[in-house]
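Visitor: Pasting a structure here, questions to come.
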Amino acid sequence: MPPSETFDPASRPPHLASHYLNVPEMPWEASPFPGIQFKTLYADAESGMSTLLVKMAPGAVIPLHEHTAIEQTYVLEGSLEDDEGQCFAGGFVWRPGGNIHEAVSPSGALLLSIFMKPNNFLGGAKFFTEI
């Protein structure tokens, strides 16, 4: 049976509701790093889980940082690289907690990134570092 025949959406508690975002209408936020903007699609203060849409201008760099838990990035446009490899449009990279890297986008990029906070920036930057 289709769900509509067995479930009344009006009975759904508010905390279990879906959250739809009009991402194209959301403003880009500036990061502390030149050429990098983002849109926060999801952020849970309790767990630290975050999902960001990240736009990197050609040549932009996310400085050296450590992920305290898994980081996952899907490259929608452009390219992303670090000292371990390159990821182009349609590619996916994930890194385990404890991974330290500097991310560079030679040609610019649009990324969908999912990670757990805090990220520890070795230069002391404060960008998605607090839980």
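Simple scheme: letters A, B, ... for chains in structure tokens order, numbers from 1 for residues in each chain, numbers from 1 for ligands in the order shown.
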Excluding range 81-96 of chain A and any residue of its chain fewer than 6 positions from it, enumerate the residues within 10 Å of it, using only C-alpha atoms, and give them as a list in words.
Guide: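 Selected residues are Val61, Ile62, Leu64, Glu66, His67, Thr68, Ala69, Ile70, Glu71, Gln72, Thr73, Tyr74, Val75, Glu102, Ala103, Val104, Ser105, Pro106, Ala109, Leu110, Leu111, Leu112, Ser113, Ile114 and Phe115 of chain A.
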Visitor: Could you give me, as a ChimeraX atom specification, the residues within 8 Å of Lys39 in chain A, counting only C-alpha atoms and dropping anything in the same chain fewer than 4 positions from it?
Guide: /A:23,26-29,52-54
Visitor: When DSSP works through the backbone of this structure, what residues of range 1-104 of chain A end up as strand (DSSP E or B), shown as a ChimeraX atom specification?
Guide: /A:29-30,36-43,49-56,60-67,71-82,85-88,92-95,100-104
Visitor: Go ahead and write the selection's residues with C-alpha atoms as a PDB file, in the first residue's frame.
Guide:
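Saved result, result18.pdb, follows:
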ATOM      1  CA  GLU A  29      28.324  33.301   3.202  1.00  0.00           C
ATOM      2  CA  ALA A  30      31.926  34.472   3.200  1.00  0.00           C
ATOM      3  CA  ILE A  36      35.772  30.544  -0.554  1.00  0.00           C
ATOM      4  CA  GLN A  37      32.045  30.907   0.105  1.00  0.00           C
ATOM      5  CA  PHE A  38      29.552  28.464   1.555  1.00  0.00           C
ATOM      6  CA  LYS A  39      25.908  27.706   2.251  1.00  0.00           C
ATOM      7  CA  THR A  40      25.055  25.721   5.366  1.00  0.00           C
ATOM      8  CA  LEU A  41      22.532  23.071   4.364  1.00  0.00           C
ATOM      9  CA  TYR A  42      22.539  21.241   7.684  1.00  0.00           C
ATOM     10  CA  ALA A  43      24.191  21.793  11.045  1.00  0.00           C
ATOM     11  CA  MET A  49      27.447  16.999  11.881  1.00  0.00           C
ATOM     12  CA  SER A  50      27.385  19.572   9.083  1.00  0.00           C
ATOM     13  CA  THR A  51      26.589  19.633   5.388  1.00  0.00           C
ATOM     14  CA  LEU A  52      27.918  22.540   3.350  1.00  0.00           C
ATOM     15  CA  LEU A  53      27.739  23.633  -0.246  1.00  0.00           C
ATOM     16  CA  VAL A  54      31.163  25.169  -0.843  1.00  0.00           C
ATOM     17  CA  LYS A  55      32.188  27.409  -3.740  1.00  0.00           C
ATOM     18  CA  MET A  56      35.911  27.850  -4.343  1.00  0.00           C
ATOM     19  CA  ALA A  60      41.422  29.132  -3.605  1.00  0.00           C
ATOM     20  CA  VAL A  61      42.939  27.226  -0.691  1.00  0.00           C
ATOM     21  CA  ILE A  62      41.392  25.775   2.456  1.00  0.00           C
ATOM     22  CA  PRO A  63      44.423  25.982   4.786  1.00  0.00           C
ATOM     23  CA  LEU A  64      45.990  23.051   6.581  1.00  0.00           C
ATOM     24  CA  HIS A  65      43.453  21.474   8.947  1.00  0.00           C
ATOM     25  CA  GLU A  66      42.640  18.257  10.755  1.00  0.00           C
ATOM     26  CA  HIS A  67      39.281  16.513  10.602  1.00  0.00           C
ATOM     27  CA  GLU A  71      34.845  14.177   6.046  1.00  0.00           C
ATOM     28  CA  GLN A  72      33.046  13.409   2.774  1.00  0.00           C
ATOM     29  CA  THR A  73      33.137  15.608  -0.334  1.00  0.00           C
ATOM     30  CA  TYR A  74      31.379  15.201  -3.677  1.00  0.00           C
ATOM     31  CA  VAL A  75      32.710  17.470  -6.424  1.00  0.00           C
ATOM     32  CA  LEU A  76      29.797  18.956  -8.367  1.00  0.00           C
ATOM     33  CA  GLU A  77      31.896  21.238 -10.608  1.00  0.00           C
ATOM     34  CA  GLY A  78      35.598  21.920 -11.087  1.00  0.00           C
ATOM     35  CA  SER A  79      38.333  20.173  -9.173  1.00  0.00           C
ATOM     36  CA  LEU A  80      39.745  19.715  -5.691  1.00  0.00           C
ATOM     37  CA  GLU A  81      43.180  18.422  -4.785  1.00  0.00           C
ATOM     38  CA  ASP A  82      45.552  17.862  -1.908  1.00  0.00           C
ATOM     39  CA  GLY A  85      45.273  13.157  -5.000  1.00  0.00           C
ATOM     40  CA  GLN A  86      42.790  14.974  -7.213  1.00  0.00           C
ATOM     41  CA  CYS A  87      39.024  14.860  -7.488  1.00  0.00           C
ATOM     42  CA  PHE A  88      37.155  16.192 -10.537  1.00  0.00           C
ATOM     43  CA  PHE A  92      34.024  11.743  -4.446  1.00  0.00           C
ATOM     44  CA  VAL A  93      36.647  11.757  -1.712  1.00  0.00           C
ATOM     45  CA  TRP A  94      36.339  10.834   1.956  1.00  0.00           C
ATOM     46  CA  ARG A  95      38.875  11.159   4.692  1.00  0.00           C
ATOM     47  CA  ILE A 100      45.384  16.442   7.994  1.00  0.00           C
ATOM     48  CA  HIS A 101      45.399  18.177   4.634  1.00  0.00           C
ATOM     49  CA  GLU A 102      45.280  21.440   2.714  1.00  0.00           C
ATOM     50  CA  ALA A 103      42.626  21.559  -0.026  1.00  0.00           C
ATOM     51  CA  VAL A 104      43.286  23.512  -3.216  1.00  0.00           C
TER      52      VAL A 104
END
Visitor: Using the chain letters and numbers from this document, which residues of chain A does DSSP assign to helix (DSSP H, G or I), as a ChimeraX atom specification?
Guide: /A:3-6,9-11,14-16,23-25
Visitor: Provide the CA of Gly35 in chain A to CA of Pro58 in chain A distance in Å, to one decimal place.
Guide: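 These atoms are spaced 7.7 Å apart.
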Visitor: What does the distance from CA of Pro34 in chain A to CA of Gly59 in chain A come to in Å, to one decimal?
Guide: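 Result for CA of Pro34 in chain A versus CA of Gly59 in chain A: 9.5 Å, one decimal.
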Visitor: Could you work out how far CA of Ser31 in chain A lies from CA of His19 in chain A, giving the answer in Å with one decimal?
Guide: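 Here the two named atoms are 24.5 Å from each other.
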